[in-house]
$ cat final10.txt   # compact mmCIF, C-alpha atoms
# COMPACT_ATOMS: atom_id res chain seq x y z
CA MET A 87 29.66 23.79 12.20
CA GLU A 88 28.01 22.33 9.10
CA ILE A 89 25.22 19.74 9.06
CA ILE A 90 25.04 17.38 6.08
CA LEU A 91 21.94 15.23 5.47
CA TYR A 92 21.85 12.12 3.28
CA ASP A 93 18.91 10.14 1.90
CA GLU A 94 19.95 6.48 1.83
CA GLY A 95 16.56 5.29 0.61
CA THR A 96 13.92 6.51 3.06
CA ALA A 97 10.16 6.36 3.32
CA GLN A 98 8.42 8.55 0.74
CA GLU A 99 6.69 10.43 3.55
CA LEU A 100 10.01 11.77 4.88
CA ASP A 101 10.69 15.33 3.71
CA ILE A 102 14.42 15.81 4.29
CA GLU A 103 14.33 19.35 2.89
CA GLU A 104 11.82 20.30 5.61
CA ILE A 105 14.07 18.72 8.24
CA ALA A 106 16.98 20.77 6.87
CA ARG A 107 14.96 23.98 7.20
CA TYR A 108 14.02 23.03 10.76
CA LEU A 109 17.65 22.40 11.75
CA ALA A 110 18.74 25.69 10.17
CA GLN A 111 16.06 27.54 12.12
CA LYS A 112 17.01 25.92 15.42
CA MET A 113 20.78 26.19 14.98
CA GLY A 114 20.98 29.79 13.79
CA LYS A 115 23.88 30.49 11.43
CA VAL A 116 24.85 26.85 11.00
CA ARG A 117 24.92 25.73 7.36
CA VAL A 118 22.68 22.76 6.54
CA GLU A 119 23.17 20.86 3.27
CA VAL A 120 21.06 18.08 1.74
CA ARG A 121 23.11 15.73 -0.42
CA GLY A 122 20.67 12.97 -1.22
CA ASN A 123 22.07 9.54 -2.12
CA PRO A 124 25.38 9.08 -0.24
CA PHE A 125 26.59 6.60 -2.87
CA ALA A 126 26.09 9.04 -5.76
CA PHE A 127 29.75 10.10 -5.70
CA ASN A 128 31.10 6.55 -5.37
CA LEU A 129 29.24 4.62 -8.03
CA SER A 130 32.08 3.10 -10.05
CA GLN A 131 31.55 -0.62 -10.60
CA ASP A 132 34.32 -1.53 -8.17
CA LYS A 133 32.96 0.79 -5.51
CA VAL A 134 29.42 -0.53 -5.86
CA SER A 135 30.64 -4.12 -5.49
CA ASP A 136 32.82 -3.23 -2.52
CA TYR A 137 30.07 -1.36 -0.63
CA ALA A 138 27.52 -4.06 -1.49
CA ARG A 139 29.76 -6.77 -0.07
CA LYS A 140 30.44 -4.80 3.11
CA ILE A 141 26.78 -3.92 3.69
CA ALA A 142 25.69 -7.50 3.02
CA GLY A 143 28.24 -8.53 5.65
CA THR A 144 26.35 -6.53 8.29
CA LYS A 145 23.18 -8.60 7.84
CA ILE A 146 21.93 -10.23 11.06
CA GLN A 147 20.87 -13.84 10.53
CA GLU A 148 19.86 -14.61 14.11
CA VAL A 149 19.09 -12.02 16.81
CA SER A 150 20.72 -14.18 19.50
CA GLN A 151 23.98 -14.52 17.57
CA LYS A 152 26.39 -11.58 17.33
CA ILE A 153 27.83 -11.20 13.86
CA LEU A 154 31.57 -11.04 13.30
CA SER A 155 33.29 -8.08 11.69
CA GLY A 156 34.09 -8.82 8.07
CA GLN A 157 31.89 -11.89 7.76
CA GLU A 158 31.64 -13.11 4.17
CA PRO A 159 28.13 -12.78 2.70
CA LEU A 160 26.53 -14.98 0.06
CA TYR A 161 26.62 -14.04 -3.64
CA GLY A 162 22.85 -13.42 -3.70
CA GLU A 163 23.08 -11.11 -0.69
CA ILE A 164 25.79 -9.04 -2.40
CA GLU A 165 23.77 -8.80 -5.62
CA TYR A 166 20.73 -7.65 -3.65
CA GLU A 167 22.76 -4.88 -2.01
CA LYS A 168 24.10 -3.81 -5.41
CA ARG A 169 20.53 -3.29 -6.60
CA ARG A 170 19.73 -1.47 -3.37
CA ILE A 171 22.69 0.91 -3.79
CA LEU A 172 21.75 1.61 -7.41
CA GLY A 173 18.15 2.38 -6.40
CA LYS A 174 16.69 -0.63 -8.22
CA THR A 175 15.07 -2.07 -5.10
CA ARG A 176 14.22 -1.01 -1.55
CA SER A 177 15.28 -2.66 1.70
CA PHE A 178 12.53 -4.56 3.47
CA GLY A 179 12.64 -7.54 5.81
CA ILE A 180 16.42 -7.39 6.34
CA LEU A 181 18.01 -6.61 9.69
CA TYR A 182 21.47 -5.04 9.86
CA ASP A 183 23.99 -4.47 12.65
CA GLY A 184 23.74 -0.73 13.31
CA PHE A 185 27.34 -0.12 14.37
CA HIS A 186 28.79 -2.11 11.47
CA LEU A 187 26.52 -0.15 9.12
CA LEU A 188 27.66 3.14 10.68
CA ARG A 189 31.30 2.29 9.97
CA ILE A 190 30.51 1.63 6.30
CA PHE A 191 28.70 4.95 5.97
CA CYS A 192 31.71 6.58 7.62
CA GLU A 193 33.87 5.33 4.73
CA ILE A 194 31.66 7.23 2.28
CA MET A 195 32.36 10.57 3.97
CA SER A 196 35.29 12.55 2.63
CA ARG A 197 38.29 12.81 4.96
CA GLU A 198 38.13 16.60 4.77
CA GLU A 199 34.65 16.47 6.35
CA SER A 200 35.38 13.91 9.07
CA SER A 201 36.19 16.50 11.74
CA LEU A 202 33.98 17.62 14.62
CA GLU A 203 33.08 20.70 12.56
CA PHE A 204 30.72 18.54 10.51
CA VAL A 205 27.58 16.67 11.56
CA HIS A 206 26.68 13.89 9.12
CA ILE A 207 23.19 12.37 9.39
CA PHE A 208 22.17 9.42 7.22
CA PHE A 209 18.42 8.83 6.87
CA THR A 210 17.59 5.30 5.72
CA ASN A 211 14.74 2.83 5.63
CA ARG A 212 17.12 -0.01 6.54
CA LEU A 213 16.11 -1.65 9.80
CA PHE A 214 19.02 -2.10 12.18
CA ALA A 215 19.74 -3.35 15.67
CA THR A 216 22.55 -3.21 18.20
CA TRP A 217 23.95 -6.02 20.31
CA ASP A 218 23.18 -6.05 24.05
CA ASP A 219 25.78 -7.95 26.09
CA SER A 220 23.50 -8.08 29.13
CA ASN A 221 21.01 -10.46 27.55
CA LYS A 222 23.09 -11.64 24.57
CA ARG A 223 20.77 -10.57 21.79
CA TYR A 224 20.15 -7.81 19.27
CA HIS A 225 17.59 -5.07 19.91
CA LEU A 226 15.92 -2.95 17.23
CA ARG A 227 16.95 0.70 17.17
CA THR A 228 15.52 3.86 15.71
CA SER A 229 18.91 5.53 15.56
CA VAL A 230 22.62 5.06 16.16
CA TYR A 231 24.60 8.18 16.97
CA GLY A 232 28.24 8.65 16.14
CA ILE A 233 30.30 9.85 13.19
CA PRO A 234 28.08 9.69 11.21
CA SER A 235 24.67 9.24 12.83
CA ILE A 236 22.01 6.97 11.29
CA ILE A 237 18.24 7.39 11.65
CA SER A 238 15.90 4.68 10.36
CA THR A 239 12.37 5.50 9.20
CA THR A 240 11.56 1.77 9.50
CA GLY A 241 13.03 1.80 13.00
CA LEU A 242 10.66 4.59 14.00
CA VAL A 243 7.80 2.19 13.25
CA GLU A 244 9.30 -1.06 14.50
CA ALA A 245 11.74 -0.28 17.34
CA PRO A 246 9.69 1.57 20.02
CA ALA A 247 7.12 -0.79 21.55
CA LYS A 248 3.44 -0.27 20.81
CA PRO A 249 0.87 -0.17 23.64
CA ARG A 250 0.47 -3.53 25.40
CA GLU A 251 -3.23 -3.60 24.51
CA TYR A 252 -2.27 -3.40 20.83
CA TYR A 253 -0.30 -6.66 21.01
CA LEU A 254 -3.11 -8.44 22.87
CA LEU A 255 -5.70 -7.36 20.33
CA LYS A 256 -3.37 -8.17 17.45
CA GLN A 257 -3.28 -11.81 18.58
CA GLN A 258 -7.08 -11.87 18.62
CA TYR A 259 -7.30 -10.27 15.16
CA GLU A 260 -4.84 -12.78 13.72
CA ARG A 261 -6.71 -15.73 15.23
CA LEU A 262 -9.98 -14.48 13.78
CA GLY A 263 -8.45 -13.55 10.44
CA LYS A 264 -9.53 -9.93 10.80
CA ASP A 265 -7.96 -7.06 8.88
CA LEU A 266 -5.13 -5.47 10.90
CA THR A 267 -5.82 -2.14 9.20
CA GLU A 268 -8.84 -1.77 11.46
CA LEU A 269 -6.64 -2.34 14.51
CA LYS A 270 -4.08 0.23 13.37
CA ASP A 271 -6.85 2.76 12.80
CA ARG A 272 -8.02 2.13 16.35
CA PHE A 273 -4.55 2.97 17.72
CA ARG A 274 -3.76 5.69 15.19
CA GLU A 275 -3.15 8.34 17.85
CA SER A 276 -0.71 6.21 19.87
CA ILE A 277 1.47 4.55 17.22
CA ILE A 278 3.60 5.62 14.24
CA ASP A 279 2.92 3.46 11.19
CA TYR A 280 4.18 3.13 7.63
CA GLU A 281 3.01 5.88 5.27
CA ASP A 282 2.43 8.06 8.32
CA LYS A 283 2.13 11.77 7.50
CA ARG A 284 3.62 12.62 10.91
CA LEU A 285 6.93 10.96 10.07
CA THR A 286 8.79 14.13 9.08
CA GLU A 287 7.75 15.98 12.24
CA VAL A 288 8.76 13.04 14.43
CA THR A 289 12.12 12.67 12.68
CA LYS A 290 13.04 16.32 13.36
CA GLY A 291 13.54 15.45 17.02
CA TYR A 292 15.84 12.54 16.16
CA ALA A 293 17.86 14.79 13.87
CA MET A 294 18.30 17.16 16.82
CA GLN A 295 19.46 14.21 18.95
CA ALA A 296 22.17 13.58 16.35
CA VAL A 297 23.18 17.25 16.50
CA PHE A 298 23.37 17.20 20.30
CA TYR A 299 25.46 14.05 20.17
CA SER A 300 27.95 15.96 18.03
CA LEU A 301 27.81 19.02 20.29
CA THR A 302 27.93 17.41 23.72
CA GLY A 303 28.33 13.65 23.31
CA ALA A 304 24.92 13.26 24.99
CA PRO A 305 22.00 12.98 22.54
CA PHE A 306 19.28 12.20 25.09
CA CYS A 307 17.30 13.96 27.79
CA GLU A 308 15.46 12.53 30.80
CA ASP A 309 12.58 14.99 30.40
CA LYS A 310 9.71 13.10 28.71
CA GLY A 311 8.45 16.33 27.15
CA CYS A 312 11.78 17.18 25.50
CA ARG A 313 12.38 16.17 21.87
CA LEU A 314 15.66 14.65 23.00
CA TYR A 315 13.90 12.08 25.20
CA ASN A 316 15.00 8.52 24.45
CA ALA A 317 11.58 6.93 23.92
CA HIS A 318 11.22 3.16 24.27
CA TRP A 319 7.46 3.16 23.67
CA GLN A 320 5.54 4.58 20.72
CA GLU A 321 3.33 6.60 23.06
CA GLU A 322 6.44 8.18 24.63
CA LEU A 323 7.83 8.97 21.17
CA ILE A 324 4.60 10.65 20.06
CA PHE A 325 4.32 12.66 23.28
CA ALA A 326 7.92 13.92 23.12
CA GLN A 327 7.79 14.78 19.42
CA LEU A 328 4.20 15.87 18.86
CA TRP A 329 2.18 16.45 22.01
CA GLY A 330 4.55 18.06 24.48
CA GLU A 331 3.86 21.58 25.77
CA TYR A 332 7.38 22.62 24.73
CA GLU A 333 9.97 21.41 22.22
CA PHE A 334 12.98 21.27 24.51
CA CYS A 335 13.50 21.29 28.25
CA GLY A 336 14.95 24.40 29.91
CA ARG A 337 18.54 23.15 29.86
CA HIS A 338 18.56 22.21 26.18
CA THR A 339 16.67 25.38 25.25
CA ARG A 340 19.44 27.43 26.88
CA ILE A 341 22.10 25.46 24.97
CA LEU A 342 20.35 26.19 21.67
CA GLU A 343 19.92 29.87 22.53
CA GLY A 344 23.62 30.08 23.32
CA LEU A 345 24.51 28.54 19.95
CA ARG A 346 22.30 30.98 18.07
CA LYS A 347 24.04 33.92 19.74
CA LYS A 348 27.49 32.82 18.62
$ encode --input "final10.txt" --output "structure tokens"
Amino acid sequence: MEIILYDEGTAQELDIEEIARYLAQKMGKVRVEVRGNPFAFNLSQDKVSDYARKIAGTKIQEVSQKILSGQEPLYGEIEYEKRRILGKTRSFGILYDGFHLLRIFCEIMSREESSLEFVHIFFTNRLFATWDDSNKRYHLRTSVYGIPSIISTTGLVEAPAKPREYYLLKQQYERLGKDLTELKDRFRESIIDYEDKRLTEVTKGYAMQAVFYSLTGAPFCEDKGCRLYNAHWQEELIFAQLWGEYEFCGRHTRILEGLRKK
């Protein structure tokens, strides 16, 4: 097995090299490679325009309206994505369909590396969501696992819910015109925020979820203390990734030990 990590424009606080070292330590003899910008090998003018158009077509306009595959974006949206691909701007305030985005990233991968012997993980600051048929709306996600897997540093901040008290106090702060920085400082121990120095450590667990998806088809664990726990609240995320008494539950520890022995 080989694990390949890509940096598709992430938060500056994310140290992908450190994540690579962590994965190598946990996986034993598995090779881990950091490739950086996934578009670096496909930056001909035609390729840039093609990827920009496809990515712009994954933009969600309304969370209660499922986008269609191959929808035609506006000229300005395509031009924005061109600048994003070329590193001339960063993605903020745009919501993408996670599964449509995953399929585009899949096109970037070489065919020779599209087998189950390779684990591709794309780190991005793009915020994405997936459609839920049960309530007919999109929901923010931290990650989407597949071939490849995508992990969003913006999603780590925005997707898991903050403590209920935070939202109540936020309304009061906004009514009074108070600085929200004070509120975030108050909840610093129970939320992940932008420019958070804990981001790399937290993301290690999500990278391991991507690896377990590739290994077993099941990226998550029901144990709230395991780094594979599928957290829906920020406090759950922080506990599983930072405060737990152990990194992985007994079952997943045994799986990792078995891999290292091979």
$ atom_distance --input "final10.txt" --atom1 "atom CA of A:Asn211" --atom2 "atom CA of A:Ser238"
5.2 Å
$ residues_around --input "final10.txt" --residues "A:Val120" --least-positions-apart "4" --cutoff "12 Å" --atoms "only C-alpha atoms" --output "PyMOL selection string"
chain A and resi 88-94+101-107+109-110+124+205-209
$ closest_residue --input "final10.txt" --among "A:Ala245, A:Ile180, A:Leu154, A:Ile141" --to "A:Glu193" --atoms "all atoms listed in the file"
A:Ile141
$ closest_residue --input "final10.txt" --among "A:Leu266, A:Gly114, A:Pro305, A:Arg274" --to "A:Ser235" --atoms "all atoms listed in the file"
A:Pro305
$ residues_around --input "final10.txt" --residues "stretch 128-140 of chain A" --least-positions-apart "6" --cutoff "9 Å" --atoms "all atoms listed in the file" --output "CSV table (one decimal) with C-alpha atoms, keeping the file's coordinate frame"
chain,number,residue,atom,x,y,z
A,156,GLY,CA,34.1,-8.8,8.1
A,157,GLN,CA,31.9,-11.9,7.8
A,158,GLU,CA,31.6,-13.1,4.2
A,159,PRO,CA,28.1,-12.8,2.7
A,160,LEU,CA,26.5,-15.0,0.1
A,161,TYR,CA,26.6,-14.0,-3.6
A,163,GLU,CA,23.1,-11.1,-0.7
A,164,ILE,CA,25.8,-9.0,-2.4
A,165,GLU,CA,23.8,-8.8,-5.6
A,166,TYR,CA,20.7,-7.6,-3.6
A,167,GLU,CA,22.8,-4.9,-2.0
A,168,LYS,CA,24.1,-3.8,-5.4
A,169,ARG,CA,20.5,-3.3,-6.6
A,170,ARG,CA,19.7,-1.5,-3.4
A,171,ILE,CA,22.7,0.9,-3.8
A,172,LEU,CA,21.8,1.6,-7.4
A,186,HIS,CA,28.8,-2.1,11.5
A,187,LEU,CA,26.5,-0.2,9.1
A,190,ILE,CA,30.5,1.6,6.3
A,194,ILE,CA,31.7,7.2,2.3
$ atom_distance --input "final10.txt" --atom1 "atom CA of A:Val230" --atom2 "atom CA of A:Thr216"
8.5 Å
$ residues_around --input "final10.txt" --residues "stretch 309-319 of chain A" --least-positions-apart "6" --cutoff "9 Å" --atoms "all atoms listed in the file" --output "list in words"
Ala245, Pro246, Ala247, Lys248, Pro249, Ile277, Val288, Lys290, Gly291, Tyr292, Met294, Gln295, Phe298, Phe325, Ala326, Gln327, Leu328, Trp329, Gly330, Glu331, Tyr332, Glu333, Phe334, Cys335 and His338 of chain A
$ residues_around --input "final10.txt" --residues "A:Thr210" --least-positions-apart "3" --cutoff "8 Å" --atoms "all atoms listed in the file" --output "ChimeraX atom specification"
/A:93-97,236-240
$ atom_distance --input "final10.txt" --atom1 "atom CA of A:Arg212" --atom2 "atom CA of A:Phe178"
7.2 Å
$ closest_residue --input "final10.txt" --among "A:Tyr252, A:Phe204, A:Phe191, A:Phe185" --to "A:Val116" --atoms "only C-alpha atoms"
A:Phe204
$ decode --input "final10.txt" --residues "stretch 257-276 of chain A" --atoms "N, CA and C atoms" --output "compact mmCIF listing (two decimals), in the first residue's frame"
# COMPACT_ATOMS: atom_id res chain seq x y z
N GLN A 257 -25.91 35.03 19.59
CA GLN A 257 -27.05 35.91 19.28
C GLN A 257 -27.02 37.16 20.16
N GLN A 258 -26.72 36.97 21.44
CA GLN A 258 -26.65 38.11 22.35
C GLN A 258 -25.50 39.06 21.95
N TYR A 259 -24.34 38.49 21.62
CA TYR A 259 -23.20 39.31 21.23
C TYR A 259 -23.52 40.12 19.99
N GLU A 260 -24.18 39.48 19.01
CA GLU A 260 -24.50 40.17 17.77
C GLU A 260 -25.52 41.29 17.99
N ARG A 261 -26.48 41.05 18.87
CA ARG A 261 -27.47 42.09 19.17
C ARG A 261 -26.83 43.29 19.84
N LEU A 262 -25.86 43.02 20.70
CA LEU A 262 -25.20 44.09 21.44
C LEU A 262 -24.00 44.69 20.70
N GLY A 263 -23.68 44.10 19.55
CA GLY A 263 -22.54 44.60 18.77
C GLY A 263 -21.20 44.31 19.41
N LYS A 264 -21.13 43.25 20.21
CA LYS A 264 -19.89 42.92 20.90
C LYS A 264 -18.96 42.11 20.00
N ASP A 265 -17.69 42.16 20.29
CA ASP A 265 -16.67 41.46 19.50
C ASP A 265 -16.78 39.95 19.72
N LEU A 266 -16.96 39.20 18.62
CA LEU A 266 -17.10 37.75 18.72
C LEU A 266 -15.80 37.06 19.11
N THR A 267 -14.68 37.77 18.99
CA THR A 267 -13.40 37.20 19.40
C THR A 267 -13.42 36.85 20.89
N GLU A 268 -14.06 37.68 21.66
CA GLU A 268 -14.19 37.42 23.10
C GLU A 268 -14.97 36.14 23.35
N LEU A 269 -16.03 35.94 22.57
CA LEU A 269 -16.84 34.73 22.72
C LEU A 269 -16.03 33.49 22.34
N LYS A 270 -15.28 33.56 21.26
CA LYS A 270 -14.47 32.42 20.83
C LYS A 270 -13.39 32.08 21.86
N ASP A 271 -12.83 33.13 22.47
CA ASP A 271 -11.84 32.89 23.52
C ASP A 271 -12.48 32.15 24.70
N ARG A 272 -13.71 32.50 24.98
CA ARG A 272 -14.44 31.88 26.09
C ARG A 272 -14.65 30.38 25.86
N PHE A 273 -14.83 30.00 24.58
CA PHE A 273 -15.10 28.60 24.24
C PHE A 273 -13.88 27.93 23.59
N ARG A 274 -12.72 28.50 23.80
CA ARG A 274 -11.52 28.03 23.12
C ARG A 274 -11.26 26.54 23.31
N GLU A 275 -11.56 26.01 24.48
CA GLU A 275 -11.27 24.61 24.77
C GLU A 275 -12.30 23.65 24.16
N SER A 276 -13.42 24.16 23.69
CA SER A 276 -14.48 23.27 23.21
C SER A 276 -14.87 23.49 21.75
